[in-house]
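One file, input-v5.cif, is given below (mmCIF, C-alpha atoms; chains and numbers go by the auth columns).
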```
data_entry
loop_
_atom_site.group_PDB
_atom_site.id
_atom_site.type_symbol
_atom_site.label_atom_id
_atom_site.label_comp_id
_atom_site.label_asym_id
_atom_site.label_seq_id
_atom_site.Cartn_x
_atom_site.Cartn_y
_atom_site.Cartn_z
_atom_site.B_iso_or_equiv
_atom_site.auth_seq_id
_atom_site.auth_asym_id
ATOM 1 C CA MET A 1 -25.925 -23.666 -36.990 0.00 29 A
ATOM 2 C CA PHE A 2 -22.210 -24.199 -36.411 0.00 30 A
ATOM 3 C CA PRO A 3 -21.271 -20.516 -36.899 0.00 31 A
ATOM 4 C CA VAL A 4 -23.917 -19.480 -34.347 0.00 32 A
ATOM 5 C CA CYS A 5 -22.596 -21.974 -31.779 0.00 33 A
ATOM 6 C CA ALA A 6 -19.049 -20.787 -32.408 0.00 34 A
ATOM 7 C CA ILE A 7 -20.055 -17.166 -31.781 0.00 35 A
ATOM 8 C CA VAL A 8 -21.860 -18.069 -28.547 0.00 36 A
ATOM 9 C CA LEU A 9 -18.862 -20.074 -27.334 0.00 37 A
ATOM 10 C CA PHE A 10 -16.503 -17.188 -28.155 0.00 38 A
ATOM 11 C CA CYS A 11 -18.711 -14.746 -26.227 0.00 39 A
ATOM 12 C CA LEU A 12 -18.775 -17.031 -23.188 0.00 40 A
ATOM 13 C CA MET A 13 -15.008 -17.347 -23.283 0.00 41 A
ATOM 14 C CA SER A 14 -14.630 -13.564 -23.515 0.00 42 A
ATOM 15 C CA VAL A 15 -16.877 -13.054 -20.501 0.00 43 A
ATOM 16 C CA SER A 16 -14.936 -15.625 -18.493 0.00 44 A
ATOM 17 C CA HIS A 17 -11.657 -13.842 -19.251 0.00 45 A
ATOM 18 C CA THR A 18 -12.973 -10.428 -18.232 0.00 46 A
ATOM 19 C CA ALA A 19 -14.989 -11.496 -15.194 0.00 47 A
ATOM 20 C CA PRO A 20 -13.779 -9.860 -11.979 0.00 48 A
ATOM 21 C CA LEU A 21 -11.890 -11.989 -9.501 0.00 49 A
ATOM 22 C CA ALA A 22 -13.801 -13.385 -6.560 0.00 50 A
ATOM 23 C CA CYS A 23 -13.159 -12.043 -3.066 0.00 51 A
ATOM 24 C CA GLU A 24 -11.662 -15.385 -2.114 0.00 52 A
ATOM 25 C CA GLU A 25 -8.680 -14.614 -4.335 0.00 53 A
ATOM 26 C CA LEU A 26 -8.558 -10.865 -3.781 0.00 54 A
ATOM 27 C CA VAL A 27 -8.287 -11.145 0.016 0.00 55 A
ATOM 28 C CA HIS A 28 -5.804 -14.006 -0.027 0.00 56 A
ATOM 29 C CA PRO A 29 -2.203 -13.264 1.001 0.00 57 A
ATOM 30 C CA LEU A 30 0.451 -13.815 -1.621 0.00 58 A
ATOM 31 C CA TYR A 31 1.454 -17.436 -1.947 0.00 59 A
ATOM 32 C CA LYS A 32 5.082 -16.537 -2.501 0.00 60 A
ATOM 33 C CA LEU A 33 6.889 -13.247 -2.152 0.00 61 A
ATOM 34 C CA ASP A 34 10.526 -12.920 -3.099 0.00 62 A
ATOM 35 C CA PRO A 35 11.919 -10.420 -0.555 0.00 63 A
ATOM 36 C CA ARG A 36 14.232 -9.049 -3.246 0.00 64 A
ATOM 37 C CA TYR A 37 11.133 -7.849 -5.098 0.00 65 A
ATOM 38 C CA LEU A 38 10.536 -5.286 -2.340 0.00 66 A
ATOM 39 C CA GLU A 39 13.924 -3.626 -2.710 0.00 67 A
ATOM 40 C CA GLY A 40 13.916 -0.001 -3.781 0.00 68 A
ATOM 41 C CA ARG A 41 11.418 2.805 -4.151 0.00 69 A
ATOM 42 C CA TRP A 42 7.645 2.535 -4.231 0.00 70 A
ATOM 43 C CA ALA A 43 5.079 5.300 -4.613 0.00 71 A
ATOM 44 C CA LEU A 44 1.725 5.163 -2.860 0.00 72 A
ATOM 45 C CA VAL A 45 -0.949 5.207 -5.547 0.00 73 A
ATOM 46 C CA ALA A 46 -4.044 4.814 -3.358 0.00 74 A
ATOM 47 C CA GLY A 47 -4.988 3.945 0.194 0.00 75 A
ATOM 48 C CA SER A 48 -8.031 3.222 2.324 0.00 76 A
ATOM 49 C CA ILE A 49 -8.283 3.329 6.125 0.00 77 A
ATOM 50 C CA ASN A 50 -11.383 2.411 8.115 0.00 78 A
ATOM 51 C CA TYR A 51 -10.517 4.989 10.799 0.00 79 A
ATOM 52 C CA LEU A 52 -11.733 8.442 9.786 0.00 80 A
ATOM 53 C CA PRO A 53 -9.027 10.624 11.466 0.00 81 A
ATOM 54 C CA SER A 54 -6.274 8.650 9.748 0.00 82 A
ATOM 55 C CA MET A 55 -8.164 8.761 6.442 0.00 83 A
ATOM 56 C CA GLU A 56 -8.369 12.558 6.719 0.00 84 A
ATOM 57 C CA ALA A 57 -4.648 12.718 7.559 0.00 85 A
ATOM 58 C CA LEU A 58 -3.913 10.705 4.421 0.00 86 A
ATOM 59 C CA ARG A 59 -5.815 13.246 2.313 0.00 87 A
ATOM 60 C CA LEU A 60 -3.470 15.998 3.528 0.00 88 A
ATOM 61 C CA ARG A 61 -0.388 14.387 2.015 0.00 89 A
ATOM 62 C CA ASP A 62 0.683 15.437 -1.442 0.00 90 A
ATOM 63 C CA SER A 63 2.714 12.293 -2.039 0.00 91 A
ATOM 64 C CA ILE A 64 4.051 9.299 -0.116 0.00 92 A
ATOM 65 C CA THR A 65 7.144 7.302 -0.962 0.00 93 A
ATOM 66 C CA MET A 66 8.276 4.013 0.599 0.00 94 A
ATOM 67 C CA TYR A 67 11.796 2.599 0.446 0.00 95 A
ATOM 68 C CA PHE A 68 12.650 -1.000 1.325 0.00 96 A
ATOM 69 C CA SER A 69 16.272 -2.090 1.714 0.00 97 A
ATOM 70 C CA ASN A 70 17.943 -5.253 2.956 0.00 98 A
ATOM 71 C CA SER A 71 21.726 -5.585 3.024 0.00 99 A
ATOM 72 C CA SER A 72 22.024 -8.574 5.370 0.00 100 A
ATOM 73 C CA GLU A 73 19.878 -11.115 3.464 0.00 101 A
ATOM 74 C CA THR A 74 17.734 -11.690 6.556 0.00 102 A
ATOM 75 C CA SER A 75 14.005 -11.251 7.041 0.00 103 A
ATOM 76 C CA THR A 76 14.502 -7.755 8.481 0.00 104 A
ATOM 77 C CA PHE A 77 14.232 -4.776 6.145 0.00 105 A
ATOM 78 C CA SER A 78 14.917 -1.118 6.626 0.00 106 A
ATOM 79 C CA TYR A 79 11.715 0.708 5.710 0.00 107 A
ATOM 80 C CA THR A 80 11.473 4.451 5.247 0.00 108 A
ATOM 81 C CA GLN A 81 8.219 6.231 4.553 0.00 109 A
ATOM 82 C CA ILE A 82 8.495 9.771 3.234 0.00 110 A
ATOM 83 C CA ASN A 83 5.442 12.022 3.394 0.00 111 A
ATOM 84 C CA ARG A 84 5.288 15.281 1.457 0.00 112 A
ATOM 85 C CA PHE A 85 3.231 18.164 2.843 0.00 113 A
ATOM 86 C CA GLY A 86 3.534 21.064 0.411 0.00 114 A
ATOM 87 C CA ASP A 87 7.258 21.857 0.299 0.00 115 A
ATOM 88 C CA GLN A 88 8.023 19.910 3.494 0.00 116 A
ATOM 89 C CA CYS A 89 9.194 16.294 3.661 0.00 117 A
ATOM 90 C CA GLN A 90 8.744 14.004 6.669 0.00 118 A
ATOM 91 C CA TYR A 91 11.007 10.945 7.006 0.00 119 A
ATOM 92 C CA LEU A 92 9.825 7.979 9.089 0.00 120 A
ATOM 93 C CA PRO A 93 12.371 5.135 9.336 0.00 121 A
ATOM 94 C CA TYR A 94 11.426 1.726 10.751 0.00 122 A
ATOM 95 C CA ASN A 95 12.574 -1.861 10.753 0.00 123 A
ATOM 96 C CA ILE A 96 10.136 -4.333 9.259 0.00 124 A
ATOM 97 C CA SER A 97 10.282 -8.118 9.586 0.00 125 A
ATOM 98 C CA VAL A 98 8.964 -10.063 6.598 0.00 126 A
ATOM 99 C CA GLU A 99 8.058 -13.737 6.856 0.00 127 A
ATOM 100 C CA GLY A 100 6.487 -15.131 3.719 0.00 128 A
ATOM 101 C CA SER A 101 3.513 -12.897 2.940 0.00 129 A
ATOM 102 C CA THR A 102 3.240 -11.374 6.433 0.00 130 A
ATOM 103 C CA PHE A 103 5.126 -8.493 8.003 0.00 131 A
ATOM 104 C CA THR A 104 5.566 -6.772 11.369 0.00 132 A
ATOM 105 C CA PHE A 105 6.767 -3.226 11.974 0.00 133 A
ATOM 106 C CA ASP A 106 9.076 -2.434 14.869 0.00 134 A
ATOM 107 C CA VAL A 107 7.416 0.651 16.343 0.00 135 A
ATOM 108 C CA GLY A 108 8.525 0.162 19.927 0.00 136 A
ATOM 109 C CA ASN A 109 5.759 -0.025 22.490 0.00 137 A
ATOM 110 C CA ARG A 110 3.659 2.753 20.995 0.00 138 A
ATOM 111 C CA PHE A 111 1.260 0.461 19.113 0.00 139 A
ATOM 112 C CA ASP A 112 1.116 -2.801 17.139 0.00 140 A
ATOM 113 C CA LEU A 113 1.433 -2.727 13.370 0.00 141 A
ATOM 114 C CA ASN A 114 1.445 -5.889 11.298 0.00 142 A
ATOM 115 C CA GLY A 115 -0.239 -7.237 8.234 0.00 143 A
ATOM 116 C CA SER A 116 0.212 -9.044 4.947 0.00 144 A
ATOM 117 C CA PHE A 117 0.939 -8.626 1.258 0.00 145 A
ATOM 118 C CA LEU A 118 -2.128 -9.403 -0.835 0.00 146 A
ATOM 119 C CA TYR A 119 -2.748 -10.711 -4.321 0.00 147 A
ATOM 120 C CA THR A 120 -2.455 -8.274 -7.197 0.00 148 A
ATOM 121 C CA SER A 121 -2.320 -8.853 -10.940 0.00 149 A
ATOM 122 C CA CYS A 122 -0.428 -5.581 -11.416 0.00 150 A
ATOM 123 C CA PRO A 123 3.109 -6.502 -12.572 0.00 151 A
ATOM 124 C CA ASP A 124 4.911 -3.712 -10.705 0.00 152 A
ATOM 125 C CA CYS A 125 2.646 -3.221 -7.697 0.00 153 A
ATOM 126 C CA VAL A 126 2.378 -4.300 -4.078 0.00 154 A
ATOM 127 C CA VAL A 127 -0.844 -4.359 -2.048 0.00 155 A
ATOM 128 C CA MET A 128 -0.262 -4.108 1.687 0.00 156 A
ATOM 129 C CA ARG A 129 -2.895 -4.723 4.342 0.00 157 A
ATOM 130 C CA TRP A 130 -1.977 -3.090 7.656 0.00 158 A
ATOM 131 C CA ILE A 131 -3.627 -3.934 10.957 0.00 159 A
ATOM 132 C CA VAL A 132 -3.041 -1.176 13.503 0.00 160 A
ATOM 133 C CA ARG A 133 -3.844 -1.651 17.182 0.00 161 A
ATOM 134 C CA SER A 134 -3.320 0.942 19.888 0.00 162 A
ATOM 135 C CA LYS A 135 -4.959 2.203 23.052 0.00 163 A
ATOM 136 C CA ARG A 136 -6.905 4.722 21.003 0.00 164 A
ATOM 137 C CA ARG A 137 -8.060 2.663 18.091 0.00 165 A
ATOM 138 C CA GLN A 138 -7.914 -0.425 15.915 0.00 166 A
ATOM 139 C CA SER A 139 -7.975 -0.044 12.164 0.00 167 A
ATOM 140 C CA VAL A 140 -7.407 -1.869 8.908 0.00 168 A
ATOM 141 C CA ASP A 141 -5.494 -0.063 6.163 0.00 169 A
ATOM 142 C CA LEU A 142 -5.073 -1.160 2.540 0.00 170 A
ATOM 143 C CA TYR A 143 -2.428 0.449 0.351 0.00 171 A
ATOM 144 C CA LEU A 144 -1.653 0.114 -3.340 0.00 172 A
ATOM 145 C CA LEU A 145 2.025 0.765 -4.050 0.00 173 A
ATOM 146 C CA SER A 146 3.629 0.831 -7.458 0.00 174 A
ATOM 147 C CA ARG A 147 6.918 1.588 -9.161 0.00 175 A
ATOM 148 C CA ARG A 148 4.793 3.990 -11.224 0.00 176 A
ATOM 149 C CA ARG A 149 2.973 7.066 -9.999 0.00 177 A
ATOM 150 C CA GLU A 150 -0.283 6.008 -11.671 0.00 178 A
ATOM 151 C CA VAL A 151 -1.674 2.585 -12.543 0.00 179 A
ATOM 152 C CA GLU A 152 -3.991 1.527 -15.341 0.00 180 A
ATOM 153 C CA GLN A 153 -7.747 1.697 -14.893 0.00 181 A
ATOM 154 C CA LYS A 154 -8.148 -2.098 -14.685 0.00 182 A
ATOM 155 C CA GLU A 155 -5.487 -2.245 -11.961 0.00 183 A
ATOM 156 C CA MET A 156 -7.228 0.450 -9.957 0.00 184 A
ATOM 157 C CA GLU A 157 -10.578 -1.323 -10.419 0.00 185 A
ATOM 158 C CA GLU A 158 -9.043 -4.499 -9.044 0.00 186 A
ATOM 159 C CA PHE A 159 -7.807 -2.593 -5.980 0.00 187 A
ATOM 160 C CA ARG A 160 -11.254 -1.063 -5.486 0.00 188 A
ATOM 161 C CA ALA A 161 -12.713 -4.581 -5.657 0.00 189 A
ATOM 162 C CA GLN A 162 -10.307 -5.657 -2.917 0.00 190 A
ATOM 163 C CA LEU A 163 -11.488 -2.761 -0.768 0.00 191 A
ATOM 164 C CA LYS A 164 -15.103 -3.850 -1.204 0.00 192 A
ATOM 165 C CA CYS A 165 -14.175 -7.390 -0.185 0.00 193 A
ATOM 166 C CA PHE A 166 -12.699 -6.030 3.049 0.00 194 A
ATOM 167 C CA GLN A 167 -15.586 -3.553 3.445 0.00 195 A
ATOM 168 C CA GLN A 168 -13.157 -0.643 3.332 0.00 196 A
ATOM 169 C CA PRO A 169 -14.128 2.931 2.367 0.00 197 A
ATOM 170 C CA GLU A 170 -13.442 4.393 -1.059 0.00 198 A
ATOM 171 C CA PRO A 171 -9.707 5.055 -1.440 0.00 199 A
ATOM 172 C CA VAL A 172 -7.752 8.265 -1.364 0.00 200 A
ATOM 173 C CA VAL A 173 -6.035 8.359 -4.767 0.00 201 A
ATOM 174 C CA MET A 174 -2.781 10.288 -4.793 0.00 202 A
ATOM 175 C CA GLU A 175 -2.243 12.980 -7.411 0.00 203 A
ATOM 176 C CA PRO A 176 0.459 11.560 -9.735 0.00 204 A
ATOM 177 C CA THR A 177 1.712 14.998 -10.776 0.00 205 A
ATOM 178 C CA LYS A 178 2.688 15.980 -7.227 0.00 206 A
ATOM 179 C CA GLU A 179 6.420 15.832 -6.571 0.00 207 A
ATOM 180 C CA LEU A 180 7.976 13.028 -4.543 0.00 208 A
ATOM 181 C CA CYS A 181 10.456 13.808 -1.794 0.00 209 A
ATOM 182 C CA PRO A 182 14.141 12.888 -2.234 0.00 210 A
ATOM 183 C CA GLU A 183 15.332 9.668 -0.639 0.00 211 A
ATOM 184 C CA GLN A 184 17.547 11.515 1.850 0.00 212 A
ATOM 185 C CA PRO A 185 16.490 14.581 3.871 0.00 213 A
ATOM 186 C CA GLN A 186 18.071 17.837 2.749 0.00 214 A
ATOM 187 C CA SER A 187 17.432 19.699 5.982 0.00 215 A
ATOM 188 C CA GLN A 188 16.191 19.201 9.524 0.00 216 A
ATOM 189 C CA PRO A 189 12.445 18.417 9.798 0.00 217 A
ATOM 190 C CA THR A 190 10.175 21.248 10.749 0.00 218 A
ATOM 191 C CA ALA A 191 8.459 21.379 14.121 0.00 219 A
ATOM 192 C CA ALA A 192 5.193 20.450 12.414 0.00 220 A
ATOM 193 C CA ALA A 193 6.774 17.351 10.900 0.00 221 A
ATOM 194 C CA GLN A 194 8.308 16.372 14.242 0.00 222 A
ATOM 195 C CA ILE A 195 4.906 16.599 15.907 0.00 223 A
ATOM 196 C CA GLU A 196 3.349 14.589 13.102 0.00 224 A
ATOM 197 C CA GLU A 197 5.962 11.858 13.525 0.00 225 A
ATOM 198 C CA LYS A 198 4.937 11.396 17.153 0.00 226 A
ATOM 199 C CA THR A 199 1.283 11.058 16.306 0.00 227 A
ATOM 200 C CA GLU A 200 0.337 7.488 17.085 0.00 228 A
ATOM 201 C CA GLY A 201 -0.949 5.422 14.242 0.00 229 A
ATOM 202 C CA GLN A 202 -0.999 8.234 11.706 0.00 230 A
ATOM 203 C CA ASN A 203 1.859 6.953 9.516 0.00 231 A
ATOM 204 C CA ALA A 204 0.095 6.363 6.209 0.00 232 A
#
```

Would you mind giving the structure from this file in structure tokens?
Amino acid sequence: MFPVCAIVLFCLMSVSHTAPLACEELVHPLYKLDPRYLEGRWALVAGSINYLPSMEALRLRDSITMYFSNSSETSTFSYTQINRFGDQCQYLPYNISVEGSTFTFDVGNRFDLNGSFLYTSCPDCVVMRWIVRSKRRQSVDLYLLSRRREVEQKEMEEFRAQLKCFQQPEPVVMEPTKELCPEQPQSQPTAAAQIEEKTEGQNA
């Protein structure tokens, strides 16, 4: 009788360890975020936007890189997003203010962009929830960033679970073999990239 009980108890413990996290935890902002953790390069692994035109624009990008830097030890970071379209690279620099788990982008008066960093069990990932408001639209974006180009299956499943909690569409998963752009531009942006930069609310 004892061996049977031991096996049942072990099975219950195994299930409890592998059970998916509840939405209450998956949608919760990070309790603590060390701003120094953001420093450096991140690659976009996957993203979901509940505004179809922006979702389609995301599909057109071969790779997306984000750089965070802070040299003044304040809450303001320099943020550069680099989009690759074929052999062209588009550089979008912004200032971003980080307070705890929330952030606000300085995008002038074109639109409002703020959000929060969410829970993730991935050791070298960041999950960002963007809330974009403009005259044309209001959308919620969720992005999975990592120091790696590709995350493990369980980490991607956790991100997909977060999307379901927020009722977001299935994500666009970036192709990890596609080349990232260099940190600094090597030439002037093309006319197409300049037009893209002016497109309201289309930055990732």

Exercise for review: List, as a PyMOL selection string, every residue that the PyMOL selection byres ((chain A and resi 93) around 8) selects in the file provided.
Suggested key: chain A and resi 69-72+91-92+94-95+109-111+208-209

Review point. What separation in Å, quoted to one decimal, exists between atom CA of A:Leu191 and atom CA of A:Leu146?
Key: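 Atom CA of A:Leu146 lies at a distance of 11.5 Å from atom CA of A:Leu191.
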
Check your understanding: Can you tell me, as a list of chain:residue names, what residues are no more than 6 Å from A:Asp152 when counting all atoms listed in the file, ignoring any on the same chain fewer than 2 positions away?
Key ->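 These residues fall inside the cut-off: A:Cys150, A:Ser174, A:Arg175.
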
Check your understanding: Which protein, DNA or RNA residues have an atom at most 7 Å from (4.8, 10.9, -11.3), counting all atoms listed in the file? List them as number ranges by chain.
Key -> A: 176-177, 204-206

Check your understanding: So how many Å separate atom CA of A:Val179 and atom CA of A:Cys117, to one decimal?
Key ->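 Taking atom CA of A:Val179 and atom CA of A:Cys117, their separation equals 23.8 Å.
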
Practice item. Could you list the residues chosen by the PyMOL selection byres ((chain A and resi 123) around 9) in this structure as a list in words? Key: Thr104, Phe105, Ser106, Tyr107, Thr108, Pro121, Tyr122, Ile124, Ser125, Thr132, Phe133, Asp134 and Val135 of chain A

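Nearest residue to A:Pro63 among A:Val154, A:Leu120, A:Ala50, A:Leu172 is A:Val154, counting only C-alpha atoms.
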
Exercise for review: Can you work out which one of A:Tyr65, A:Arg87, A:Ala189, A:Tyr79 has the shortest atom-to-atom distance to A:Arg161, counting all atoms listed in the file?
Suggested key: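 Of A:Tyr65, A:Arg87, A:Ala189, A:Tyr79, the one nearest A:Arg161, counting all atoms listed in the file, is A:Tyr79.
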
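If you measure from each of A:Ser99, A:Ser76, A:Ser162, A:Gln116 to A:Gln214 using all atoms listed in the file, the closest one turns out to be A:Gln116.
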
Exercise for review: Provide the atom CA of A:Phe131 to atom CA of A:Ile159 distance in Å, to one decimal place.
Suggested key: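 Those two atoms sit 10.3 Å apart.
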
Exercise for review: For the file shown, report as a list in words the outcome of the PyMOL selection byres ((chain A and resi 168-171) around 6) at residue level.
Suggested key: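 When the PyMOL selection byres ((chain A and resi 168-171) around 6) is applied, the selected residues are Ala74, Gly75, Ser76, Ile77, Asn78, Val155, Met156, Arg157, Trp158, Ile159, Ser167 and Leu172 of chain A.
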
Exercise for review: Using only C-alpha atoms, give me every residue within 6 Å of (-3.9, -12.3, -5.9) in file coordinates, as JSON, numbers by chain.
Suggested key: {"A": [53, 54, 147, 148]}

Same residues, C-alpha atoms, saved as a compact mmCIF listing (two decimals), keeping the file's coordinate frame:
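Produced file result33.txt, reproduced below:
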```
# COMPACT_ATOMS: atom_id res chain seq x y z
CA GLU A 53 -8.68 -14.61 -4.34
CA LEU A 54 -8.56 -10.86 -3.78
CA TYR A 147 -2.75 -10.71 -4.32
CA THR A 148 -2.46 -8.27 -7.20
```

Check your understanding: Out of A:Leu88, A:Leu49, A:Val126, A:Val73, which residue has the shortest atom-to-atom distance to A:Leu61 when counting all atoms listed in the file?
Key ->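 Closest to A:Leu61 of all the choices is A:Val126.
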
Exercise for review: Go through A:Pro199, A:Ser82, A:Gly128, A:Glu207 one by one, measure the shortest atom-to-atom distance of each to A:Phe113 using all atoms listed in the file, and give the residue with the smallest value.
Suggested key: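 Smallest distance to A:Phe113 is found for A:Glu207.
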
Practice item. Find the residue from A:Leu173, A:Phe145, A:Pro151, A:Met184 that sits nearest to A:Val55; use only C-alpha atoms when measuring. Key: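 Closest to A:Val55 of all the choices is A:Phe145.
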
How big is the axis-aligned box around the listed atoms of stretch 197-207 of chain A once 8 Å is added on each side, and where is its centre? Give both in Å to one decimal, as AutoDock Vina command-line options.
```
--center_x -3.9 --center_y 9.5 --center_z -4.2 --size_x 36.5 --size_y 29.0 --size_z 29.1
```

Will you model N, CA, C and O atoms for stretch 50-70 of chain A and pass it back as a PDB file, keeping the file's coordinate frame?
```pdb
ATOM      1  N   ALA A  50     -12.979 -13.218  -7.753  1.00  0.00           N
ATOM      2  CA  ALA A  50     -13.801 -13.385  -6.560  1.00  0.00           C
ATOM      3  C   ALA A  50     -13.038 -12.896  -5.342  1.00  0.00           C
ATOM      4  O   ALA A  50     -11.808 -12.854  -5.327  1.00  0.00           O
ATOM      5  N   CYS A  51     -13.785 -12.526  -4.293  1.00  0.00           N
ATOM      6  CA  CYS A  51     -13.159 -12.043  -3.066  1.00  0.00           C
ATOM      7  C   CYS A  51     -12.204 -13.077  -2.482  1.00  0.00           C
ATOM      8  O   CYS A  51     -11.192 -12.716  -1.872  1.00  0.00           O
ATOM      9  N   GLU A  52     -12.515 -14.338  -2.672  1.00  0.00           N
ATOM     10  CA  GLU A  52     -11.662 -15.385  -2.114  1.00  0.00           C
ATOM     11  C   GLU A  52     -10.219 -15.230  -2.572  1.00  0.00           C
ATOM     12  O   GLU A  52      -9.286 -15.460  -1.800  1.00  0.00           O
ATOM     13  N   GLU A  53     -10.039 -14.809  -3.818  1.00  0.00           N
ATOM     14  CA  GLU A  53      -8.680 -14.614  -4.335  1.00  0.00           C
ATOM     15  C   GLU A  53      -8.142 -13.237  -3.990  1.00  0.00           C
ATOM     16  O   GLU A  53      -6.962 -13.079  -3.666  1.00  0.00           O
ATOM     17  N   LEU A  54      -9.004 -12.232  -4.023  1.00  0.00           N
ATOM     18  CA  LEU A  54      -8.558 -10.865  -3.781  1.00  0.00           C
ATOM     19  C   LEU A  54      -8.102 -10.633  -2.347  1.00  0.00           C
ATOM     20  O   LEU A  54      -7.259  -9.774  -2.095  1.00  0.00           O
ATOM     21  N   VAL A  55      -8.666 -11.353  -1.384  1.00  0.00           N
ATOM     22  CA  VAL A  55      -8.287 -11.145   0.016  1.00  0.00           C
ATOM     23  C   VAL A  55      -7.184 -12.097   0.453  1.00  0.00           C
ATOM     24  O   VAL A  55      -6.706 -12.004   1.582  1.00  0.00           O
ATOM     25  N   HIS A  56      -6.778 -12.991  -0.432  1.00  0.00           N
ATOM     26  CA  HIS A  56      -5.804 -14.006  -0.027  1.00  0.00           C
ATOM     27  C   HIS A  56      -4.394 -13.421  -0.026  1.00  0.00           C
ATOM     28  O   HIS A  56      -4.007 -12.709  -0.960  1.00  0.00           O
ATOM     29  N   PRO A  57      -3.607 -13.708   1.010  1.00  0.00           N
ATOM     30  CA  PRO A  57      -2.203 -13.264   1.001  1.00  0.00           C
ATOM     31  C   PRO A  57      -1.449 -13.899  -0.157  1.00  0.00           C
ATOM     32  O   PRO A  57      -1.851 -14.942  -0.679  1.00  0.00           O
ATOM     33  N   LEU A  58      -0.371 -13.266  -0.560  1.00  0.00           N
ATOM     34  CA  LEU A  58       0.451 -13.815  -1.621  1.00  0.00           C
ATOM     35  C   LEU A  58       0.952 -15.204  -1.245  1.00  0.00           C
ATOM     36  O   LEU A  58       1.348 -15.450  -0.106  1.00  0.00           O
ATOM     37  N   TYR A  59       0.941 -16.095  -2.210  1.00  0.00           N
ATOM     38  CA  TYR A  59       1.454 -17.436  -1.947  1.00  0.00           C
ATOM     39  C   TYR A  59       2.958 -17.407  -1.757  1.00  0.00           C
ATOM     40  O   TYR A  59       3.508 -18.046  -0.864  1.00  0.00           O
ATOM     41  N   LYS A  60       3.633 -16.646  -2.593  1.00  0.00           N
ATOM     42  CA  LYS A  60       5.082 -16.537  -2.501  1.00  0.00           C
ATOM     43  C   LYS A  60       5.471 -15.084  -2.758  1.00  0.00           C
ATOM     44  O   LYS A  60       4.952 -14.440  -3.654  1.00  0.00           O
ATOM     45  N   LEU A  61       6.375 -14.594  -1.952  1.00  0.00           N
ATOM     46  CA  LEU A  61       6.889 -13.247  -2.152  1.00  0.00           C
ATOM     47  C   LEU A  61       8.404 -13.301  -2.036  1.00  0.00           C
ATOM     48  O   LEU A  61       8.941 -13.634  -0.977  1.00  0.00           O
ATOM     49  N   ASP A  62       9.071 -12.991  -3.115  1.00  0.00           N
ATOM     50  CA  ASP A  62      10.526 -12.920  -3.099  1.00  0.00           C
ATOM     51  C   ASP A  62      10.912 -11.608  -2.424  1.00  0.00           C
ATOM     52  O   ASP A  62      10.592 -10.524  -2.939  1.00  0.00           O
ATOM     53  N   PRO A  63      11.572 -11.666  -1.264  1.00  0.00           N
ATOM     54  CA  PRO A  63      11.919 -10.420  -0.555  1.00  0.00           C
ATOM     55  C   PRO A  63      12.701  -9.440  -1.425  1.00  0.00           C
ATOM     56  O   PRO A  63      12.598  -8.227  -1.230  1.00  0.00           O
ATOM     57  N   ARG A  64      13.460  -9.944  -2.381  1.00  0.00           N
ATOM     58  CA  ARG A  64      14.232  -9.049  -3.246  1.00  0.00           C
ATOM     59  C   ARG A  64      13.322  -8.172  -4.099  1.00  0.00           C
ATOM     60  O   ARG A  64      13.738  -7.095  -4.548  1.00  0.00           O
ATOM     61  N   TYR A  65      12.083  -8.624  -4.309  1.00  0.00           N
ATOM     62  CA  TYR A  65      11.133  -7.849  -5.098  1.00  0.00           C
ATOM     63  C   TYR A  65      10.806  -6.517  -4.415  1.00  0.00           C
ATOM     64  O   TYR A  65      10.480  -5.524  -5.074  1.00  0.00           O
ATOM     65  N   LEU A  66      10.897  -6.491  -3.082  1.00  0.00           N
ATOM     66  CA  LEU A  66      10.536  -5.286  -2.340  1.00  0.00           C
ATOM     67  C   LEU A  66      11.594  -4.197  -2.420  1.00  0.00           C
ATOM     68  O   LEU A  66      11.302  -3.023  -2.167  1.00  0.00           O
ATOM     69  N   GLU A  67      12.813  -4.576  -2.736  1.00  0.00           N
ATOM     70  CA  GLU A  67      13.924  -3.626  -2.710  1.00  0.00           C
ATOM     71  C   GLU A  67      13.648  -2.390  -3.558  1.00  0.00           C
ATOM     72  O   GLU A  67      13.126  -2.483  -4.671  1.00  0.00           O
ATOM     73  N   GLY A  68      13.989  -1.225  -3.003  1.00  0.00           N
ATOM     74  CA  GLY A  68      13.916  -0.001  -3.781  1.00  0.00           C
ATOM     75  C   GLY A  68      12.734   0.886  -3.447  1.00  0.00           C
ATOM     76  O   GLY A  68      12.126   0.774  -2.383  1.00  0.00           O
ATOM     77  N   ARG A  69      12.419   1.763  -4.378  1.00  0.00           N
ATOM     78  CA  ARG A  69      11.418   2.805  -4.151  1.00  0.00           C
ATOM     79  C   ARG A  69      10.045   2.398  -4.662  1.00  0.00           C
ATOM     80  O   ARG A  69       9.906   1.820  -5.732  1.00  0.00           O
ATOM     81  N   TRP A  70       9.040   2.722  -3.857  1.00  0.00           N
ATOM     82  CA  TRP A  70       7.645   2.535  -4.231  1.00  0.00           C
ATOM     83  C   TRP A  70       6.890   3.839  -3.963  1.00  0.00           C
ATOM     84  O   TRP A  70       7.161   4.528  -2.978  1.00  0.00           O
TER      85      TRP A  70
END
```
